[in-house]
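Everything below concerns the one structure shown next.
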Amino acid sequence: MMKFAFVFPGQGSQSLGMMAAYGDTPVIRATFDDASTSLGRDLWQLVVEGPAEALSQTVNTQPLMLTAGIAVWRLWQEKGGPHPVMLAGHSLGEYSALVAAGVLELKDAVPLVELRAKAMQDAVPAGEGGMAAILGMDAEMVKAICAESAQGQAVQAVNFNSPEQTVIAGHVAAVQRAADACKVKGAKRALMLPVSAPFHSSLMQPAAERLQAALASMSFKVPKIPVLNNVDVAALDDPAAIKAALVRQAAAPVRWVEIMRAMQVAGMTHIFECGPGKVLAGLTKRCADGLAGGAMNDLAGVEATLAAIKG
């Protein structure tokens, strides 16, 4: 018996024209219309026409990727796809998972993630923060090198994406020092990432505080499907606890390897990525032996997932 979970992508999976892969599907367009109305600007035009630079601005990327994930989720439901047993999302993708689980409405989530994006962007002046991906090195070694490289600045391991891929973030000079040290000590690659802020590092604490203020007035519901969160690798039922976890998530690491392993322990056999891109589908097998991954990054992917589950 197949037990399956859905995971939602975050920032970095966006691309110009990414929704064209789903064909001319009314439910996709309607979802973008809902989000655009709530935000007061046209997200569909942005994803269709760009420019690409605008797509990669955090304040645009976060509402776009949230909407894209929910558009594919609604397409899945429209096609009669059964509910997954569990949900999770990578960083921003956690908000998509919470909308899918019925914790909050898309119309309320879209302005919230726009605020989150602005708060993250404002937390560190442009050019002062950075991120780098460290490939082919054990996460504990990366953490130790970050501690040595800080020299009074901030640099931390912030995304544990797979056993062989850890992303670090903090002050740009400290990130560069740590990336160089990782290379010297045997990492296969250390790549500075083209991002505008040091996401999930301790430097994001001011963003977490702004998020907390925004969440205080929002009403959250109990999830209809368990959502494993990034910060504790826990599925919470209490709306106040879910909000608190989102606040902490902004300035705390994404524990993706542990999320995949927790899903496997919970009996999942398959993890399907719900949304554009296939980054998470690629990480799944590397995080936990025996877990199968698949991507619903186009209409064929949605149909193939449906066939696999109903098969």
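The chains in the structure tokens are called A, B, ... from first to last as shown; in each chain the residues are counted from 1, and the ligands are counted from 1 in the order shown.
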
Residues near A:Met19, cut-off 12 Å, only C-alpha atoms, skip fewer than 3 positions along chain, as a PDB file with N, CA and C atoms, in the first residue's frame:
```
ATOM      1  N   SER A  13      12.965  27.888  -6.974  1.00  0.00           N
ATOM      2  CA  SER A  13      12.349  27.025  -7.989  1.00  0.00           C
ATOM      3  C   SER A  13      11.576  27.827  -9.036  1.00  0.00           C
ATOM      4  N   GLN A  14      11.561  29.151  -8.872  1.00  0.00           N
ATOM      5  CA  GLN A  14      10.800  29.983  -9.815  1.00  0.00           C
ATOM      6  C   GLN A  14      11.528  30.117 -11.157  1.00  0.00           C
ATOM      7  N   SER A  15      10.744  30.211 -12.229  1.00  0.00           N
ATOM      8  CA  SER A  15      11.314  30.510 -13.545  1.00  0.00           C
ATOM      9  C   SER A  15      10.240  31.176 -14.401  1.00  0.00           C
ATOM     10  N   LEU A  16      10.688  31.976 -15.329  1.00  0.00           N
ATOM     11  CA  LEU A  16       9.767  32.705 -16.203  1.00  0.00           C
ATOM     12  C   LEU A  16       8.929  31.703 -17.009  1.00  0.00           C
ATOM     13  N   TYR A  22       1.703  23.567 -17.270  1.00  0.00           N
ATOM     14  CA  TYR A  22       0.438  22.945 -16.848  1.00  0.00           C
ATOM     15  C   TYR A  22      -0.676  23.140 -17.879  1.00  0.00           C
ATOM     16  N   GLY A  23      -0.309  23.690 -19.044  1.00  0.00           N
ATOM     17  CA  GLY A  23      -1.307  23.893 -20.095  1.00  0.00           C
ATOM     18  C   GLY A  23      -2.241  25.036 -19.730  1.00  0.00           C
ATOM     19  N   ASP A  24      -3.264  25.198 -20.521  1.00  0.00           N
ATOM     20  CA  ASP A  24      -4.207  26.291 -20.293  1.00  0.00           C
ATOM     21  C   ASP A  24      -5.294  25.785 -19.348  1.00  0.00           C
ATOM     22  N   THR A  25      -4.970  25.731 -18.058  1.00  0.00           N
ATOM     23  CA  THR A  25      -5.868  25.106 -17.082  1.00  0.00           C
ATOM     24  C   THR A  25      -6.603  26.170 -16.281  1.00  0.00           C
ATOM     25  N   PRO A  26      -7.922  26.220 -16.360  1.00  0.00           N
ATOM     26  CA  PRO A  26      -8.674  27.280 -15.687  1.00  0.00           C
ATOM     27  C   PRO A  26      -8.399  27.389 -14.182  1.00  0.00           C
ATOM     28  N   VAL A  27      -8.243  26.247 -13.500  1.00  0.00           N
ATOM     29  CA  VAL A  27      -8.049  26.296 -12.046  1.00  0.00           C
ATOM     30  C   VAL A  27      -6.717  26.964 -11.683  1.00  0.00           C
ATOM     31  N   ILE A  28      -5.706  26.801 -12.530  1.00  0.00           N
ATOM     32  CA  ILE A  28      -4.399  27.451 -12.298  1.00  0.00           C
ATOM     33  C   ILE A  28      -4.570  28.964 -12.418  1.00  0.00           C
ATOM     34  N   ARG A  29      -5.207  29.381 -13.499  1.00  0.00           N
ATOM     35  CA  ARG A  29      -5.403  30.815 -13.738  1.00  0.00           C
ATOM     36  C   ARG A  29      -6.266  31.428 -12.630  1.00  0.00           C
ATOM     37  N   THR A  31      -6.538  30.505  -9.557  1.00  0.00           N
ATOM     38  CA  THR A  31      -5.760  30.616  -8.320  1.00  0.00           C
ATOM     39  C   THR A  31      -4.887  31.868  -8.354  1.00  0.00           C
ATOM     40  N   PHE A  32      -4.272  32.114  -9.498  1.00  0.00           N
ATOM     41  CA  PHE A  32      -3.455  33.331  -9.648  1.00  0.00           C
ATOM     42  C   PHE A  32      -4.319  34.589  -9.567  1.00  0.00           C
ATOM     43  N   LEU A  43       0.017  38.933 -10.461  1.00  0.00           N
ATOM     44  CA  LEU A  43       1.067  37.910 -10.385  1.00  0.00           C
ATOM     45  C   LEU A  43       1.136  37.075 -11.662  1.00  0.00           C
ATOM     46  N   TRP A  44      -0.012  36.910 -12.335  1.00  0.00           N
ATOM     47  CA  TRP A  44      -0.021  36.116 -13.576  1.00  0.00           C
ATOM     48  C   TRP A  44       0.842  36.790 -14.642  1.00  0.00           C
ATOM     49  N   GLN A  45       0.654  38.086 -14.801  1.00  0.00           N
ATOM     50  CA  GLN A  45       1.450  38.830 -15.792  1.00  0.00           C
ATOM     51  C   GLN A  45       2.940  38.720 -15.464  1.00  0.00           C
ATOM     52  N   LEU A  46       3.257  38.784 -14.171  1.00  0.00           N
ATOM     53  CA  LEU A  46       4.655  38.701 -13.734  1.00  0.00           C
ATOM     54  C   LEU A  46       5.271  37.344 -14.102  1.00  0.00           C
ATOM     55  N   VAL A  47       4.506  36.254 -13.891  1.00  0.00           N
ATOM     56  CA  VAL A  47       5.061  34.922 -14.163  1.00  0.00           C
ATOM     57  C   VAL A  47       5.111  34.631 -15.672  1.00  0.00           C
ATOM     58  N   VAL A  48       4.197  35.241 -16.434  1.00  0.00           N
ATOM     59  CA  VAL A  48       4.155  35.000 -17.889  1.00  0.00           C
ATOM     60  C   VAL A  48       5.160  35.879 -18.626  1.00  0.00           C
ATOM     61  N   GLU A  49       5.223  37.158 -18.233  1.00  0.00           N
ATOM     62  CA  GLU A  49       6.012  38.133 -19.001  1.00  0.00           C
ATOM     63  C   GLU A  49       7.314  38.556 -18.333  1.00  0.00           C
ATOM     64  N   LEU A  64       4.701  34.557  -5.401  1.00  0.00           N
ATOM     65  CA  LEU A  64       4.581  33.753  -6.631  1.00  0.00           C
ATOM     66  C   LEU A  64       4.681  32.260  -6.359  1.00  0.00           C
ATOM     67  N   MET A  65       5.672  31.848  -5.582  1.00  0.00           N
ATOM     68  CA  MET A  65       5.871  30.423  -5.332  1.00  0.00           C
ATOM     69  C   MET A  65       4.769  29.846  -4.438  1.00  0.00           C
ATOM     70  N   THR A  67       1.650  30.918  -4.474  1.00  0.00           N
ATOM     71  CA  THR A  67       0.488  30.816  -5.370  1.00  0.00           C
ATOM     72  C   THR A  67       0.648  29.644  -6.333  1.00  0.00           C
ATOM     73  N   ALA A  68       1.847  29.467  -6.863  1.00  0.00           N
ATOM     74  CA  ALA A  68       2.107  28.368  -7.806  1.00  0.00           C
ATOM     75  C   ALA A  68       1.868  27.012  -7.148  1.00  0.00           C
ATOM     76  N   GLY A  69       2.361  26.857  -5.920  1.00  0.00           N
ATOM     77  CA  GLY A  69       2.171  25.598  -5.200  1.00  0.00           C
ATOM     78  C   GLY A  69       0.699  25.295  -4.961  1.00  0.00           C
ATOM     79  N   ILE A  70      -0.056  26.322  -4.576  1.00  0.00           N
ATOM     80  CA  ILE A  70      -1.489  26.132  -4.316  1.00  0.00           C
ATOM     81  C   ILE A  70      -2.259  25.923  -5.622  1.00  0.00           C
ATOM     82  N   ALA A  71      -1.824  26.553  -6.693  1.00  0.00           N
ATOM     83  CA  ALA A  71      -2.467  26.331  -8.000  1.00  0.00           C
ATOM     84  C   ALA A  71      -2.359  24.862  -8.401  1.00  0.00           C
ATOM     85  N   VAL A  72      -1.175  24.270  -8.209  1.00  0.00           N
ATOM     86  CA  VAL A  72      -0.980  22.854  -8.555  1.00  0.00           C
ATOM     87  C   VAL A  72      -1.764  21.959  -7.579  1.00  0.00           C
ATOM     88  N   LEU A  75      -5.275  22.004  -8.740  1.00  0.00           N
ATOM     89  CA  LEU A  75      -5.366  21.187  -9.956  1.00  0.00           C
ATOM     90  C   LEU A  75      -5.445  19.709  -9.562  1.00  0.00           C
ATOM     91  N   GLY A 275       4.286  21.528  -7.248  1.00  0.00           N
ATOM     92  CA  GLY A 275       4.604  22.882  -7.704  1.00  0.00           C
ATOM     93  C   GLY A 275       5.671  22.864  -8.769  1.00  0.00           C
ATOM     94  N   PRO A 276       6.008  24.046  -9.290  1.00  0.00           N
ATOM     95  CA  PRO A 276       7.028  24.126 -10.346  1.00  0.00           C
ATOM     96  C   PRO A 276       8.407  23.722  -9.818  1.00  0.00           C
ATOM     97  N   GLY A 277       9.242  23.228 -10.732  1.00  0.00           N
ATOM     98  CA  GLY A 277      10.594  22.816 -10.352  1.00  0.00           C
ATOM     99  C   GLY A 277      10.612  21.388  -9.835  1.00  0.00           C
ATOM    100  N   MET A 296       5.616  17.043  -9.614  1.00  0.00           N
ATOM    101  CA  MET A 296       4.426  17.457 -10.362  1.00  0.00           C
ATOM    102  C   MET A 296       4.688  18.847 -10.933  1.00  0.00           C
ATOM    103  N   ASN A 297       5.806  18.931 -11.691  1.00  0.00           N
ATOM    104  CA  ASN A 297       6.229  20.233 -12.204  1.00  0.00           C
ATOM    105  C   ASN A 297       5.657  20.541 -13.583  1.00  0.00           C
ATOM    106  N   ASP A 298       4.768  19.660 -14.072  1.00  0.00           N
ATOM    107  CA  ASP A 298       4.021  19.941 -15.308  1.00  0.00           C
ATOM    108  C   ASP A 298       2.761  19.060 -15.297  1.00  0.00           C
ATOM    109  N   LEU A 299       1.928  19.230 -16.303  1.00  0.00           N
ATOM    110  CA  LEU A 299       0.667  18.494 -16.362  1.00  0.00           C
ATOM    111  C   LEU A 299       0.914  16.986 -16.415  1.00  0.00           C
TER     112      LEU A 299
END
```

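Every protein, DNA or RNA residue with an atom at most 10 Å from A:Pro125, where only C-alpha atoms count and chain neighbours fewer than 5 positions away do not, is listed here: Met120, Ser196 and Ala197 of chain A.
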
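Coordinates place atom CA of A:Ala88 at a distance of 15.7 Å from atom CA of A:Ala250.
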
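For the choices A:Lys118, A:Arg248, A:Lys107, A:Arg74, the atom-to-atom distance to A:Thr61 is smallest for A:Lys118 when using only C-alpha atoms.
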
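Between atom CA of A:Thr166 and atom CA of A:Val59 lies a distance of 24.3 Å.
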
Worksheet item: Of the candidates A:Ala52, A:Val302, A:Leu66, A:Ala109, which one gets nearest to A:Gly17 if we count only C-alpha atoms?
Response: A:Ala52

Item to complete: Step one, run DSSP on the backbone; step two, keep only residues of stretch 75-263 of chain A assigned to helix (DSSP H, G or I); then write them as number ranges by chain.
Response: A: 75-78, 93-100, 106-123, 139-149, 172-184, 202-216, 239-249, 256-263

Keeping only C-alpha atoms, write those residues as a PDB file, in the first residue's frame.
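Output contents, as saved in again21.pdb:
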```
ATOM      1  CA  LEU A  75      -5.366  21.187  -9.956  1.00  0.00           C
ATOM      2  CA  TRP A  76      -4.600  17.951  -8.101  1.00  0.00           C
ATOM      3  CA  GLN A  77      -7.879  18.187  -6.167  1.00  0.00           C
ATOM      4  CA  GLU A  78      -9.848  19.010  -9.321  1.00  0.00           C
ATOM      5  CA  GLY A  93       6.948  26.224   0.957  1.00  0.00           C
ATOM      6  CA  GLU A  94       5.763  25.635   4.529  1.00  0.00           C
ATOM      7  CA  TYR A  95       3.201  28.399   3.956  1.00  0.00           C
ATOM      8  CA  SER A  96       1.910  26.549   0.865  1.00  0.00           C
ATOM      9  CA  ALA A  97       1.625  23.379   2.964  1.00  0.00           C
ATOM     10  CA  LEU A  98      -0.365  25.238   5.635  1.00  0.00           C
ATOM     11  CA  VAL A  99      -2.770  26.656   3.024  1.00  0.00           C
ATOM     12  CA  ALA A 100      -3.210  23.168   1.539  1.00  0.00           C
ATOM     13  CA  LEU A 106      -4.617  31.728   0.196  1.00  0.00           C
ATOM     14  CA  LYS A 107      -6.031  35.287   0.203  1.00  0.00           C
ATOM     15  CA  ASP A 108      -4.585  35.809   3.705  1.00  0.00           C
ATOM     16  CA  ALA A 109      -1.344  33.899   3.103  1.00  0.00           C
ATOM     17  CA  VAL A 110      -0.276  35.894   0.026  1.00  0.00           C
ATOM     18  CA  PRO A 111      -0.001  39.318   1.747  1.00  0.00           C
ATOM     19  CA  LEU A 112       1.571  37.575   4.744  1.00  0.00           C
ATOM     20  CA  VAL A 113       4.424  36.099   2.695  1.00  0.00           C
ATOM     21  CA  GLU A 114       4.894  39.420   0.896  1.00  0.00           C
ATOM     22  CA  LEU A 115       5.368  41.006   4.308  1.00  0.00           C
ATOM     23  CA  ARG A 116       7.730  38.163   5.260  1.00  0.00           C
ATOM     24  CA  ALA A 117       9.770  38.818   2.114  1.00  0.00           C
ATOM     25  CA  LYS A 118       9.966  42.561   2.790  1.00  0.00           C
ATOM     26  CA  ALA A 119      10.911  41.937   6.420  1.00  0.00           C
ATOM     27  CA  MET A 120      13.693  39.539   5.380  1.00  0.00           C
ATOM     28  CA  GLN A 121      14.962  41.985   2.772  1.00  0.00           C
ATOM     29  CA  ASP A 122      14.931  44.868   5.285  1.00  0.00           C
ATOM     30  CA  ALA A 123      16.606  42.881   8.092  1.00  0.00           C
ATOM     31  CA  ALA A 139      26.932  18.818   7.837  1.00  0.00           C
ATOM     32  CA  GLU A 140      28.696  18.553  11.223  1.00  0.00           C
ATOM     33  CA  MET A 141      31.988  19.505   9.555  1.00  0.00           C
ATOM     34  CA  VAL A 142      30.279  22.481   7.859  1.00  0.00           C
ATOM     35  CA  LYS A 143      28.902  23.627  11.238  1.00  0.00           C
ATOM     36  CA  ALA A 144      32.351  23.401  12.827  1.00  0.00           C
ATOM     37  CA  ILE A 145      33.936  25.396   9.977  1.00  0.00           C
ATOM     38  CA  CYS A 146      31.230  28.081  10.311  1.00  0.00           C
ATOM     39  CA  ALA A 147      32.014  28.419  14.018  1.00  0.00           C
ATOM     40  CA  GLU A 148      35.737  28.859  13.224  1.00  0.00           C
ATOM     41  CA  SER A 149      35.096  31.299  10.369  1.00  0.00           C
ATOM     42  CA  VAL A 172      28.896  38.073   3.371  1.00  0.00           C
ATOM     43  CA  ALA A 173      32.577  38.244   4.437  1.00  0.00           C
ATOM     44  CA  ALA A 174      32.085  35.474   7.011  1.00  0.00           C
ATOM     45  CA  VAL A 175      30.191  33.332   4.486  1.00  0.00           C
ATOM     46  CA  GLN A 176      33.051  33.753   2.013  1.00  0.00           C
ATOM     47  CA  ARG A 177      35.611  32.817   4.688  1.00  0.00           C
ATOM     48  CA  ALA A 178      33.621  29.705   5.621  1.00  0.00           C
ATOM     49  CA  ALA A 179      33.087  28.724   1.962  1.00  0.00           C
ATOM     50  CA  ASP A 180      36.842  29.051   1.286  1.00  0.00           C
ATOM     51  CA  ALA A 181      37.663  27.011   4.405  1.00  0.00           C
ATOM     52  CA  CYS A 182      35.198  24.282   3.378  1.00  0.00           C
ATOM     53  CA  LYS A 183      36.952  23.999   0.013  1.00  0.00           C
ATOM     54  CA  VAL A 184      40.369  23.789   1.682  1.00  0.00           C
ATOM     55  CA  SER A 202      20.350  34.675  13.104  1.00  0.00           C
ATOM     56  CA  LEU A 203      20.521  37.977  11.164  1.00  0.00           C
ATOM     57  CA  MET A 204      16.849  37.384  10.268  1.00  0.00           C
ATOM     58  CA  GLN A 205      15.704  37.954  13.866  1.00  0.00           C
ATOM     59  CA  PRO A 206      14.262  41.440  13.042  1.00  0.00           C
ATOM     60  CA  ALA A 207      12.206  39.773  10.286  1.00  0.00           C
ATOM     61  CA  ALA A 208      10.929  37.172  12.759  1.00  0.00           C
ATOM     62  CA  GLU A 209       9.736  39.963  15.055  1.00  0.00           C
ATOM     63  CA  ARG A 210       7.835  41.694  12.229  1.00  0.00           C
ATOM     64  CA  LEU A 211       6.296  38.370  11.256  1.00  0.00           C
ATOM     65  CA  GLN A 212       5.188  37.793  14.836  1.00  0.00           C
ATOM     66  CA  ALA A 213       3.392  41.150  14.879  1.00  0.00           C
ATOM     67  CA  ALA A 214       1.625  40.365  11.588  1.00  0.00           C
ATOM     68  CA  LEU A 215       0.601  36.845  12.670  1.00  0.00           C
ATOM     69  CA  ALA A 216      -0.866  38.048  15.979  1.00  0.00           C
ATOM     70  CA  PRO A 239      -2.920  27.264  15.815  1.00  0.00           C
ATOM     71  CA  ALA A 240      -0.934  29.404  18.289  1.00  0.00           C
ATOM     72  CA  ALA A 241       1.938  26.883  18.229  1.00  0.00           C
ATOM     73  CA  ILE A 242       1.872  26.829  14.395  1.00  0.00           C
ATOM     74  CA  LYS A 243       2.217  30.630  14.339  1.00  0.00           C
ATOM     75  CA  ALA A 244       5.071  30.525  16.860  1.00  0.00           C
ATOM     76  CA  ALA A 245       6.892  27.938  14.721  1.00  0.00           C
ATOM     77  CA  LEU A 246       6.550  30.173  11.626  1.00  0.00           C
ATOM     78  CA  VAL A 247       8.047  33.085  13.585  1.00  0.00           C
ATOM     79  CA  ARG A 248      11.024  30.970  14.709  1.00  0.00           C
ATOM     80  CA  GLN A 249      11.425  29.487  11.215  1.00  0.00           C
ATOM     81  CA  TRP A 256      15.011  19.075   5.426  1.00  0.00           C
ATOM     82  CA  VAL A 257      17.007  15.863   5.851  1.00  0.00           C
ATOM     83  CA  GLU A 258      15.274  15.238   9.189  1.00  0.00           C
ATOM     84  CA  ILE A 259      11.852  16.003   7.684  1.00  0.00           C
ATOM     85  CA  MET A 260      12.378  13.393   4.959  1.00  0.00           C
ATOM     86  CA  ARG A 261      13.563  10.822   7.501  1.00  0.00           C
ATOM     87  CA  ALA A 262      10.648  11.583   9.844  1.00  0.00           C
ATOM     88  CA  MET A 263       8.247  11.024   6.945  1.00  0.00           C
TER      89      MET A 263
END
```

Practice prompt. Within stretch 40-108 of chain A, find each residue whose DSSP state, derived from the backbone, is strand (DSSP E or B), and express the selection as number ranges by chain.
Written response: A: 86-89

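Shortest separation to A:Phe8 among A:Leu306, A:Val103, A:Leu291, A:Met86 occurs at residue A:Met86, atoms counted being only C-alpha atoms.
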
Worksheet item: Between atom CA of A:Phe6 and atom CA of A:Pro226, what is the spacing in Å?
Response: 10.8 Å

Fill in: Best match for closeness to A:Gln62 among A:Ala132, A:Ala35, A:Val222, A:Ala281, counting only C-alpha atoms
A:Ala35

Practice prompt. Identify, on the basis of only C-alpha atoms, every residue whose closest approach to A:Val7 does not exceed 7 Å; exclude the query and any residue fewer than 5 positions from it along the same chain; express the result as a list in words.
Written response: Leu87, Ala88, Gly89, Ile271, Phe272, Glu273 and Cys274 of chain A

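Between A:Ala5 and the residues A:Leu104, A:Phe220, A:Val85, A:Val279, the shortest atom-to-atom distance, using only C-alpha atoms, involves A:Val85.
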